[in-house]
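Here's input.txt, which has compact mmCIF, C-alpha atoms:
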# COMPACT_ATOMS: atom_id res chain seq x y z
CA MET A 1 4.28 -20.66 7.77
CA ALA A 2 7.48 -22.01 9.29
CA ASN A 3 7.91 -24.66 11.96
CA PHE A 4 10.61 -23.91 14.53
CA SER A 5 11.85 -27.06 16.22
CA PHE A 6 14.26 -26.79 19.15
CA ASN A 7 16.57 -29.28 20.81
CA ASN A 8 18.08 -27.88 23.98
CA GLN A 9 20.80 -30.08 25.43
CA SER A 10 21.56 -27.59 28.20
CA THR A 11 20.61 -28.37 31.80
CA GLY A 12 18.70 -25.10 31.95
CA SER A 13 16.82 -22.88 29.55
CA ALA A 14 18.29 -21.70 26.28
CA TYR A 15 17.18 -18.62 24.37
CA PHE A 16 16.41 -18.03 20.71
CA VAL A 17 15.91 -14.67 19.04
CA TYR A 18 14.47 -13.86 15.60
CA GLU A 19 15.18 -10.28 14.60
CA THR A 20 14.56 -8.22 11.49
CA ILE A 21 17.59 -6.66 9.87
CA THR A 22 17.83 -2.98 10.77
CA ASP A 23 18.18 -0.05 8.38
CA THR A 24 21.71 -0.01 7.07
CA ALA A 25 22.18 3.75 7.37
CA THR A 26 20.80 4.25 10.87
CA GLY A 27 21.03 0.84 12.51
CA ARG A 28 17.45 1.24 13.60
CA TYR A 29 13.98 0.24 12.53
CA ILE A 30 12.53 3.09 10.52
CA SER A 31 9.28 3.80 8.75
CA GLY A 32 9.05 1.18 6.08
CA SER A 33 11.25 -1.37 7.82
CA LEU A 34 10.09 -4.90 7.20
CA LYS A 35 7.86 -6.15 10.00
CA ALA A 36 9.25 -9.62 9.64
CA ALA A 37 8.40 -10.70 13.17
CA SER A 38 4.74 -9.83 12.88
CA GLY A 39 2.50 -12.85 12.83
CA SER A 40 1.04 -15.56 15.01
CA PHE A 41 2.29 -18.64 16.81
CA THR A 42 0.37 -21.91 16.71
CA ASN A 43 0.68 -25.65 17.24
CA PHE A 44 2.88 -25.63 20.33
CA THR A 45 4.57 -28.83 21.47
CA SER A 46 6.38 -28.72 24.83
CA SER A 47 6.28 -24.93 24.59
CA ASN A 48 3.68 -22.20 24.93
CA SER A 49 2.99 -18.60 24.03
CA ASN A 50 3.96 -17.37 27.51
CA LEU A 51 7.54 -18.20 26.68
CA ILE A 52 7.53 -15.80 23.72
CA ILE A 53 8.07 -12.05 23.63
CA GLN A 54 7.14 -10.44 20.32
CA SER A 55 7.13 -7.14 18.49
CA ASP A 56 6.67 -6.47 14.79
CA TYR A 57 10.44 -6.61 14.32
CA ILE A 58 11.77 -9.09 16.91
CA TRP A 59 10.54 -12.09 18.76
CA GLY A 60 12.34 -14.22 21.29
CA VAL A 61 11.53 -17.46 23.06
CA VAL A 62 12.70 -19.23 26.18
CA VAL A 63 13.57 -22.77 25.13
CA LEU A 64 13.10 -25.34 27.85
CA PRO A 65 15.45 -28.33 28.08
CA GLY A 66 14.70 -31.14 25.66
CA ASP A 67 12.64 -31.01 22.46
CA SER A 68 9.96 -28.42 21.66
CA ASN A 69 8.46 -26.81 18.61
CA PHE A 70 5.81 -24.42 17.30
CA ASP A 71 4.66 -22.85 14.06
CA PHE A 72 5.34 -19.21 13.32
CA ASN A 73 2.91 -17.73 10.77
CA PRO A 74 4.41 -14.52 9.42
CA ALA A 75 2.05 -11.75 8.38
CA ILE A 76 4.30 -11.14 5.38
CA THR A 77 6.57 -13.32 3.30
CA VAL A 78 10.03 -13.03 4.86
CA PRO A 79 12.68 -12.75 2.14
CA ILE A 80 16.02 -14.49 2.37
CA GLU A 81 18.62 -12.62 4.44
CA SER A 82 16.11 -10.26 5.99
CA VAL A 83 16.13 -11.68 9.51
CA ARG A 84 18.90 -12.78 11.86
CA PHE A 85 18.74 -15.78 14.16
CA ARG A 86 20.64 -15.78 17.43
CA GLY A 87 20.66 -18.10 20.39
CA THR A 88 22.35 -19.09 23.59
CA GLY A 89 22.95 -22.43 25.21
CA ASN A 90 23.49 -25.87 23.75
CA LEU A 91 20.75 -25.32 21.22
CA THR A 92 19.94 -26.72 17.81
CA VAL A 93 17.11 -25.16 15.80
CA THR A 94 15.50 -26.71 12.74
CA ILE A 95 13.33 -24.39 10.64
CA THR A 96 11.04 -26.04 8.13
CA THR A 97 8.77 -24.25 5.68
CA MET B 98 9.48 -27.15 1.38
CA ALA B 99 12.83 -25.99 2.74
CA THR B 100 14.74 -26.86 5.88
CA LEU B 101 17.40 -24.92 7.73
CA VAL B 102 19.32 -26.45 10.63
CA LEU B 103 21.12 -24.10 12.99
CA THR B 104 23.57 -25.26 15.64
CA LYS B 105 24.85 -23.43 18.67
CA TYR B 106 27.83 -22.34 16.58
CA ASN B 107 25.56 -20.65 13.99
CA LEU B 108 23.48 -18.98 16.67
CA ALA B 109 26.30 -17.64 18.82
CA GLY B 110 27.54 -14.08 18.64
CA ALA B 111 26.19 -12.18 15.69
CA GLY B 112 24.05 -15.11 14.72
CA ILE B 113 23.15 -16.02 11.18
CA LEU B 114 20.85 -14.66 8.49
CA ASN B 115 17.98 -16.72 7.15
CA SER B 116 18.96 -18.59 4.02
CA ILE B 117 15.41 -19.71 3.31
CA GLU B 118 12.30 -17.68 2.65
CA LEU B 119 9.55 -17.88 5.23
CA PRO B 120 6.16 -17.85 3.51
CA SER B 121 3.46 -15.67 4.93
CA GLY B 122 0.16 -16.92 6.14
CA GLY B 123 -1.00 -20.00 7.92
CA GLY B 124 -2.80 -19.68 11.24
CA GLY B 125 -4.94 -16.85 9.92
CA ALA B 126 -2.29 -14.12 10.23
CA LEU B 127 -3.06 -10.78 8.61
CA ASP B 128 -0.64 -8.07 7.67
CA PRO B 129 -0.67 -5.66 10.63
CA ASP B 130 -1.39 -2.60 8.46
CA ALA B 131 -4.20 -4.39 6.69
CA GLU B 132 -5.58 -5.54 10.02
CA ALA B 133 -5.53 -2.00 11.40
CA PHE B 134 -7.51 -0.74 8.42
CA LEU B 135 -9.99 -3.61 8.50
CA THR B 136 -10.58 -3.04 12.20
CA ALA B 137 -11.07 0.71 11.82
CA ALA B 138 -13.40 0.32 8.86
CA THR B 139 -15.23 -2.61 10.52
CA ILE B 140 -14.81 -4.84 7.49
CA THR B 141 -16.00 -8.35 8.29
CA ASP B 142 -16.59 -9.89 4.88
CA PRO B 143 -13.97 -12.63 4.39
CA THR B 144 -13.49 -11.83 0.69
CA GLU B 145 -12.88 -8.14 1.39
CA ILE B 146 -10.54 -9.03 4.25
CA SER B 147 -8.51 -11.34 2.04
CA ALA B 148 -8.46 -8.81 -0.82
CA VAL B 149 -7.26 -5.92 1.33
CA ASN B 150 -4.67 -8.10 3.06
CA GLN B 151 -3.29 -9.27 -0.27
CA LEU B 152 -3.29 -5.72 -1.64
CA VAL B 153 -1.10 -4.58 1.23
CA ILE B 154 1.19 -7.60 0.89
CA ASP B 155 1.54 -7.04 -2.86
CA MET B 156 2.32 -3.35 -2.44
CA LYS B 157 4.91 -4.09 0.23
CA ASP B 158 6.48 -6.86 -1.81
CA ALA B 159 6.75 -4.45 -4.75
CA GLY B 160 8.40 -1.83 -2.56
CA ILE B 161 5.76 0.81 -3.23
CA TRP B 162 3.90 0.79 0.10
CA THR B 163 6.21 3.39 1.64
CA LYS B 164 5.67 5.68 -1.35
CA MET B 165 2.00 6.05 -0.52
CA LYS B 166 0.52 8.92 1.46
CA ALA B 167 -3.07 7.84 0.97
CA VAL B 168 -4.70 4.71 -0.40
CA TYR B 169 -8.48 4.33 -0.58
CA PRO B 170 -9.61 0.74 -1.34
CA PHE B 171 -13.36 1.54 -1.25
CA VAL B 172 -14.52 -1.62 0.48
CA GLY B 173 -17.51 -2.11 2.72
CA GLY B 174 -20.08 -0.48 0.47
CA THR B 175 -20.93 2.64 2.50
CA SER B 176 -19.62 6.16 2.91
CA THR B 177 -18.63 5.20 6.45
CA THR B 178 -16.42 2.36 5.24
CA HIS B 179 -15.20 4.07 2.06
CA LYS B 180 -13.75 7.06 3.89
CA TRP B 181 -10.78 5.26 5.45
CA ASN B 182 -7.17 5.69 4.37
CA LEU B 183 -5.45 2.29 4.24
CA ILE B 184 -2.08 3.91 4.99
CA ASN B 185 -3.29 5.58 8.18
CA PRO B 186 -6.75 4.40 9.24
CA VAL B 187 -7.49 7.16 11.72
CA ASP B 188 -10.71 9.17 11.60
CA SER B 189 -9.13 12.59 11.19
CA ASP B 190 -8.28 15.13 8.52
CA ALA B 191 -4.60 14.74 9.38
CA ALA B 192 -4.83 11.05 8.48
CA PHE B 193 -6.37 12.00 5.11
CA ARG B 194 -9.68 10.40 5.93
CA LEU B 195 -12.13 11.28 3.11
CA THR B 196 -15.12 13.55 3.49
CA PHE B 197 -17.75 13.04 0.82
CA ASN B 198 -19.60 16.14 -0.38
CA GLY B 199 -22.61 16.35 -2.69
CA GLY B 200 -24.39 13.43 -4.32
CA TRP B 201 -22.56 10.12 -3.99
CA THR B 202 -23.96 6.61 -4.26
CA HIS B 203 -21.99 4.01 -2.34
CA SER B 204 -22.09 0.28 -2.99
CA SER B 205 -19.91 -2.80 -2.92
CA ASP B 206 -18.68 -1.77 -6.39
CA GLY B 207 -17.27 1.55 -5.18
CA ALA B 208 -18.31 5.18 -4.85
CA LEU B 209 -20.29 6.79 -7.69
CA PRO B 210 -20.31 10.62 -7.93
CA ASN B 211 -23.27 12.27 -9.61
CA GLY B 212 -21.15 14.44 -11.93
CA THR B 213 -22.96 17.56 -10.75
CA ASN B 214 -21.81 18.46 -7.28
CA ALA B 215 -20.09 15.37 -5.85
CA TYR B 216 -16.49 15.44 -4.73
CA ALA B 217 -14.42 14.06 -1.85
CA ASN B 218 -11.87 16.00 0.15
CA THR B 219 -8.70 14.06 1.00
CA TYR B 220 -7.29 16.87 3.23
CA LEU B 221 -3.94 16.00 1.69
CA PHE B 222 -2.36 19.39 0.99
CA ALA B 223 -0.16 19.01 -2.05
CA LEU B 224 2.35 21.66 -1.06
CA THR B 225 3.20 20.16 2.32
CA GLU B 226 2.60 16.46 1.75
CA LEU B 227 4.02 15.92 -1.71
CA GLN B 228 7.32 16.68 -3.32
CA GLN B 229 7.26 19.26 -6.10
CA PHE B 230 8.98 17.02 -8.65
CA ASN B 231 8.11 13.61 -7.24
CA HIS B 232 4.45 12.63 -6.89
CA HIS B 233 1.71 10.48 -8.32
CA HIS B 234 -1.95 9.73 -8.06
CA SER B 235 -3.85 6.73 -9.37
CA PHE B 236 -7.45 5.78 -9.94
CA TYR B 237 -9.52 2.72 -10.74
CA HIS B 238 -12.89 3.38 -12.31
CA ASN B 239 -15.39 0.65 -13.13
CA THR B 240 -18.08 2.66 -14.93
CA ASP B 241 -17.76 4.72 -18.10
CA ASN B 242 -20.14 7.63 -17.61
CA ILE B 243 -17.62 10.22 -18.65
CA GLY B 244 -19.95 13.10 -19.48
CA THR B 245 -18.84 15.80 -21.88
CA GLY B 246 -15.95 18.20 -21.83
CA LEU B 247 -13.22 18.00 -19.23
CA ARG B 248 -14.07 15.90 -16.17
CA GLN B 249 -11.56 15.54 -13.40
CA PHE B 250 -10.56 12.27 -11.79
CA GLY B 251 -9.03 14.31 -9.00
CA GLY B 252 -6.28 16.67 -7.96
CA VAL B 253 -5.62 20.30 -7.20
CA ARG B 254 -4.58 23.59 -8.80
CA ALA B 255 -4.03 27.15 -7.63
CA GLY B 256 -3.08 29.27 -10.56
CA THR B 257 -0.79 28.90 -13.52
CA ASN B 258 1.86 26.18 -13.45
CA THR B 259 0.66 24.58 -10.21
CA ASP B 260 -1.34 21.64 -11.57
CA PHE B 261 -1.52 18.22 -9.96
CA ARG B 262 -4.57 16.65 -11.55
CA THR B 263 -5.74 14.00 -14.00
CA ALA B 264 -8.81 14.25 -16.14
CA ILE B 265 -10.72 12.75 -18.98
CA GLU B 266 -11.85 14.92 -21.84
CA ASN B 267 -14.65 14.02 -24.19
CA SER B 268 -14.55 16.24 -27.24
CA GLY B 269 -17.44 14.44 -28.87
CA THR B 270 -15.15 12.80 -31.36
CA ALA B 271 -12.33 11.61 -29.12
CA ILE B 272 -11.81 10.63 -25.53
CA THR B 273 -8.49 11.69 -24.08
CA PHE B 274 -6.90 11.05 -20.72
CA ARG B 275 -4.93 14.06 -19.60
CA SER B 276 -2.40 14.68 -16.88
CA LEU B 277 -2.21 18.38 -16.29
CA GLY B 278 1.17 19.24 -14.86
CA GLY B 279 1.72 22.92 -15.36
CA ALA B 280 3.14 24.77 -18.35
CA ASN B 281 3.90 22.42 -21.22
CA GLY B 282 2.82 19.59 -18.95
CA ASP B 283 -0.41 18.44 -20.47
CA VAL B 284 0.36 14.78 -21.04
CA GLY B 285 -2.45 13.07 -22.84
CA TYR B 286 -3.36 10.03 -24.84
CA THR B 287 -6.47 8.79 -26.57
CA ALA B 288 -7.74 5.42 -25.48
CA SER B 289 -10.54 3.15 -26.54
CA THR B 290 -10.95 1.72 -23.07
CA ILE B 291 -12.28 4.12 -20.50
CA LYS B 292 -12.63 2.00 -17.39
CA GLY B 293 -9.85 0.50 -15.30
CA PHE B 294 -6.60 1.68 -13.77
CA ARG B 295 -4.99 5.03 -14.56
CA ALA B 296 -2.14 6.90 -12.94
CA SER B 297 -0.18 10.06 -13.50
CA SER B 298 3.34 10.17 -12.18
CA ARG B 299 6.11 12.73 -12.03
CA ILE B 300 9.55 11.48 -11.00
CA ALA B 301 11.58 14.54 -11.95
CA ASN B 302 11.05 18.11 -13.05
CA ASN B 303 11.34 16.99 -16.64
CA ASP B 304 9.85 13.51 -16.45
CA MET B 305 6.09 13.05 -16.21
CA PHE B 306 3.98 10.31 -17.75
CA GLN B 307 0.75 8.39 -17.51
CA ILE B 308 0.37 4.75 -16.58
CA LYS B 309 -2.33 3.19 -18.68
CA GLN B 310 -4.93 0.57 -17.89
CA ASP B 311 -2.66 -2.26 -19.08
CA GLY B 312 0.25 -0.98 -16.98
CA THR B 313 2.24 0.42 -19.88
CA THR B 314 3.27 4.06 -19.88
CA THR B 315 2.98 7.00 -22.22
CA THR B 316 6.11 8.54 -23.61
CA PRO B 317 7.48 10.74 -20.82
CA PHE B 318 6.78 14.41 -21.21
CA THR B 319 10.09 16.08 -20.67
CA THR B 320 9.26 19.76 -20.64
CA PRO B 321 6.51 20.24 -18.09
CA THR B 322 7.01 23.10 -15.71
CA ILE B 323 5.54 23.36 -12.27
CA THR B 324 6.53 26.31 -10.14
CA ALA B 325 4.99 24.97 -6.96
CA LEU B 326 2.37 22.55 -5.76
CA PRO B 327 -0.76 24.23 -4.41
CA ASN B 328 -1.31 24.78 -0.73
CA TYR B 329 -4.77 23.27 -1.06
CA PRO B 330 -6.03 19.73 -0.51
CA CYS B 331 -6.48 17.22 -3.29
CA PHE B 332 -10.04 16.41 -4.22
CA LEU B 333 -11.45 13.23 -5.75
CA ALA B 334 -14.03 13.28 -8.59
CA ALA B 335 -13.32 16.97 -9.11
CA PHE B 336 -10.26 19.15 -8.76
CA ASP B 337 -9.63 21.71 -6.07
CA ASN B 338 -9.22 24.99 -7.92
CA GLY B 339 -7.85 27.18 -5.18
CA GLY B 340 -10.43 25.96 -2.68
CA VAL B 341 -13.32 25.58 -5.13
CA PRO B 342 -14.32 22.18 -6.57
CA GLN B 343 -14.63 22.17 -10.34
CA ALA B 344 -15.13 19.85 -13.30
CA TYR B 345 -17.06 17.17 -11.50
CA GLY B 346 -16.51 13.62 -12.69
CA ALA B 347 -19.17 10.93 -12.90
CA MET B 348 -17.21 7.68 -13.06
CA GLN B 349 -17.48 5.21 -10.21
CA VAL B 350 -14.20 5.00 -8.31
CA ALA B 351 -12.99 1.71 -6.80
CA PHE B 352 -9.44 2.67 -5.85
CA HIS B 353 -7.44 5.86 -5.40
CA SER B 354 -3.89 6.51 -4.28
CA ILE B 355 -1.71 9.60 -3.77
CA GLY B 356 1.98 9.59 -2.99
CA ASP B 357 5.54 9.82 -4.22
CA GLY B 358 6.32 9.44 -7.87
CA LEU B 359 6.25 5.95 -9.35
CA THR B 360 8.65 4.69 -11.97
CA ALA B 361 7.24 2.82 -14.93
CA SER B 362 8.08 -0.47 -13.24
CA GLU B 363 6.46 0.59 -9.99
CA GLY B 364 3.41 1.81 -11.86
CA LEU B 365 3.03 -1.61 -13.42
CA ASP B 366 3.37 -3.24 -10.00
CA LEU B 367 0.68 -0.97 -8.59
CA ARG B 368 -1.58 -1.63 -11.53
CA ASN B 369 -1.17 -5.40 -11.12
CA ALA B 370 -1.79 -5.25 -7.38
CA VAL B 371 -4.93 -3.17 -7.89
CA GLN B 372 -6.18 -5.40 -10.69
CA THR B 373 -5.74 -8.48 -8.49
CA PHE B 374 -7.55 -6.64 -5.71
CA GLN B 375 -10.49 -5.77 -7.93
CA THR B 376 -10.63 -9.28 -9.37
CA THR B 377 -10.85 -10.80 -5.90
CA LEU B 378 -13.72 -8.48 -5.12
CA GLY B 379 -15.50 -9.39 -8.32
CA ARG B 380 -15.53 -5.83 -9.67
CA ALA B 381 -12.60 -5.86 -12.07
CA VAL B 382 -13.06 -4.38 -15.52

Starting from the coordinates I provided, produce the structure as structure tokens.
Amino acid sequence: MANFSFNNQSTGSAYFVYETITDTATGRYISGSLKAASGSFTNFTSSNSNLIIQSDYIWGVVVLPGDSNFDFNPAITVPIESVRFRGTGNLTVTITT
Amino acid sequence: MATLVLTKYNLAGAGILNSIELPSGGGGALDPDAEAFLTAATITDPTEISAVNQLVIDMKDAGIWTKMKAVYPFVGGTSTTHKWNLINPVDSDAAFRLTFNGGWTHSSDGALPNGTNAYANTYLFALTELQQFNHHHSFYHNTDNIGTGLRQFGGVRAGTNTDFRTAIENSGTAITFRSLGGANGDVGYTASTIKGFRASSRIANNDMFQIKQDGTTTTPFTTPTITALPNYPCFLAAFDNGGVPQAYGAMQVAFHSIGDGLTASEGLDLRNAVQTFQTTLGRAV
């Protein structure tokens, strides 16, 4: 389980994306690619599941202004350097395991 | 506990890779492949759910999940629940769903063939589904009714030098586990322990070995010859001899897998994952 805590200092929404690393040879998700984004979201504070779009490989969330957080419970253990975090806006993200 | 703080500078552009591991679990999440199997097989027992989920996680963590064509965990205690392939839990021959033939007794400990006419058809045709010089199958038995003579754990054959099968042979004075892999390919060893995990693996034309109950391997047999894999399906508890089941086994099976060849290290990983699985279910030997 990992807690994702957001601080959005923008006047509007920011965006955060969690994406599994693609296959090096093809740049795609192939059979056997890690489903690092598979799992459940719980314990929302100032956020909710309607703000999240999820597949087995990628999930993204609309981050409202101010502070918010939730828990992401991966279906598998996500190894180091297997997912990429991206975001837009004046956003700070704290991930705690 | 670990903490990672990302600023807008880290997140911009190409972003940043995770420098901390994210542990699985919490919130009741199941591995999606495990969940698909458990749903198809209508498994509701919490212990079986946890065991299957962990088995999938362990196999994926070991990097052997994608080597599997078929995995049969034998949970649920009935022929209806035992038939499902964990890799592709669809009720069809093409998904390698098992069909049990003859006299089987199903329980929470596994599936027990009667040694007379019982066998299961995997519908996994060796010629088209496996690679000629790269394949394996594994078994976990938790009873020791081995019978006499040569009794097959499973596999297929269609003439000389086409063998993909593993058997146990009781000569009356010795009990030998044999992997029959074509000309000069009869890899065997004598063991005092009959029950538990066994696997036969070929990772090259000249490299075939057995993985023993403790996860160690036999000395690789370097001169086996196999001209082709048979265009017949693999059977369980017997071998498919050109479409005819033969050499019926009588040992209760609690796990079976078929797939690409496993290295010695991968064989040990599979053995450990299966042993943990059986221990959780309370049927380890």

Residues of chain A within 8 Å of chain B, counting all atoms listed in the file - could you list those as a PDB file with C-alpha atoms, in the frame of the given file?
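Saved as iface13.pdb:
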ATOM      1  CA  MET A   1       4.280 -20.660   7.770  1.00  0.00           C
ATOM      2  CA  ALA A   2       7.480 -22.010   9.290  1.00  0.00           C
ATOM      3  CA  SER A  31       9.280   3.800   8.750  1.00  0.00           C
ATOM      4  CA  GLY A  32       9.050   1.180   6.080  1.00  0.00           C
ATOM      5  CA  SER A  38       4.740  -9.830  12.880  1.00  0.00           C
ATOM      6  CA  GLY A  39       2.500 -12.850  12.830  1.00  0.00           C
ATOM      7  CA  SER A  40       1.040 -15.560  15.010  1.00  0.00           C
ATOM      8  CA  PHE A  41       2.290 -18.640  16.810  1.00  0.00           C
ATOM      9  CA  THR A  42       0.370 -21.910  16.710  1.00  0.00           C
ATOM     10  CA  ASN A  73       2.910 -17.730  10.770  1.00  0.00           C
ATOM     11  CA  PRO A  74       4.410 -14.520   9.420  1.00  0.00           C
ATOM     12  CA  ALA A  75       2.050 -11.750   8.380  1.00  0.00           C
ATOM     13  CA  ILE A  76       4.300 -11.140   5.380  1.00  0.00           C
ATOM     14  CA  THR A  77       6.570 -13.320   3.300  1.00  0.00           C
ATOM     15  CA  VAL A  78      10.030 -13.030   4.860  1.00  0.00           C
ATOM     16  CA  PRO A  79      12.680 -12.750   2.140  1.00  0.00           C
ATOM     17  CA  ILE A  80      16.020 -14.490   2.370  1.00  0.00           C
ATOM     18  CA  GLU A  81      18.620 -12.620   4.440  1.00  0.00           C
ATOM     19  CA  SER A  82      16.110 -10.260   5.990  1.00  0.00           C
ATOM     20  CA  VAL A  83      16.130 -11.680   9.510  1.00  0.00           C
ATOM     21  CA  ARG A  84      18.900 -12.780  11.860  1.00  0.00           C
ATOM     22  CA  PHE A  85      18.740 -15.780  14.160  1.00  0.00           C
ATOM     23  CA  ARG A  86      20.640 -15.780  17.430  1.00  0.00           C
ATOM     24  CA  GLY A  87      20.660 -18.100  20.390  1.00  0.00           C
ATOM     25  CA  THR A  88      22.350 -19.090  23.590  1.00  0.00           C
ATOM     26  CA  GLY A  89      22.950 -22.430  25.210  1.00  0.00           C
ATOM     27  CA  ASN A  90      23.490 -25.870  23.750  1.00  0.00           C
ATOM     28  CA  LEU A  91      20.750 -25.320  21.220  1.00  0.00           C
ATOM     29  CA  THR A  92      19.940 -26.720  17.810  1.00  0.00           C
ATOM     30  CA  VAL A  93      17.110 -25.160  15.800  1.00  0.00           C
ATOM     31  CA  THR A  94      15.500 -26.710  12.740  1.00  0.00           C
ATOM     32  CA  ILE A  95      13.330 -24.390  10.640  1.00  0.00           C
ATOM     33  CA  THR A  96      11.040 -26.040   8.130  1.00  0.00           C
ATOM     34  CA  THR A  97       8.770 -24.250   5.680  1.00  0.00           C
TER      35      THR A  97
END

Exercise for the section: Might you pull out every residue within 9 Å of Leu247 (chain B), with all atoms listed in the file counted and same-chain residues fewer than 5 positions away left off, and present them as a list of chain:residue names? Expected result: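 Contacts, in chain order: B:Ala264, B:Ile265, B:Glu266, B:Asn267, B:Ser268, B:Ala344, B:Tyr345, B:Gly346.
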
Practice task
For Asn50 (chain A), work out the shell of residues within 10 Å, counting only C-alpha atoms and skipping chain neighbours fewer than 2 positions away, then give it as a ChimeraX atom specification.
Solution key: /A:47-48,52-53,61-62

Gly174 (chain B) surroundings by only C-alpha atoms, 7 Å radius, close-in-sequence under 3 positions cut, as a PDB file with C-alpha atoms, in the coordinates of the input:
ATOM      1  CA  THR B 178     -16.420   2.360   5.240  1.00  0.00           C
ATOM      2  CA  HIS B 179     -15.200   4.070   2.060  1.00  0.00           C
ATOM      3  CA  HIS B 203     -21.990   4.010  -2.340  1.00  0.00           C
ATOM      4  CA  SER B 204     -22.090   0.280  -2.990  1.00  0.00           C
ATOM      5  CA  SER B 205     -19.910  -2.800  -2.920  1.00  0.00           C
ATOM      6  CA  GLY B 207     -17.270   1.550  -5.180  1.00  0.00           C
TER       7      GLY B 207
END

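Closest approach to Ile58 (chain A) from the set A:Phe70, A:Phe44, A:Phe4, A:Phe16 is made by A:Phe16, with distances taken over all atoms listed in the file.
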
Practice task
Calculate how many Å separate CA of Thr136 (chain B) from CA of Tyr220 (chain B), rounding to one decimal.
Solution key: 22.1 Å

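One distance worth recording is that between CA of Ile323 (chain B) and CA of Phe261 (chain B), which is 9.0 Å.
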
Practice task
Rounded to one decimal place, report the CA of Gly12 (chain A)-CA of Asn69 (chain A) distance in Å.
Solution key: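 These two atoms are separated by 16.9 Å.
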
Handout entry: B:Asp190, B:Asp337, B:Asp304, B:Asp366 ranked by distance to Ala255 (chain B), top pick (using all atoms listed in the file)
Key =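 Among the listed residues, the smallest separation from Ala255 (chain B) belongs to B:Asp337.
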
Practice task
For Ala148 (chain B), work out the shell of residues within 9 Å, counting all atoms listed in the file and skipping chain neighbours fewer than 4 positions away, then give it as an MDAnalysis selection string.
Solution key: chainID B and resid 143:144 152:153 373:378

Writing out the chosen residues with C-alpha atoms as a CSV table (one decimal), keeping the file's coordinate frame:
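Everything below was put into again_27.csv:
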chain,number,residue,atom,x,y,z
B,143,PRO,CA,-14.0,-12.6,4.4
B,144,THR,CA,-13.5,-11.8,0.7
B,152,LEU,CA,-3.3,-5.7,-1.6
B,153,VAL,CA,-1.1,-4.6,1.2
B,373,THR,CA,-5.7,-8.5,-8.5
B,374,PHE,CA,-7.6,-6.6,-5.7
B,375,GLN,CA,-10.5,-5.8,-7.9
B,376,THR,CA,-10.6,-9.3,-9.4
B,377,THR,CA,-10.8,-10.8,-5.9
B,378,LEU,CA,-13.7,-8.5,-5.1
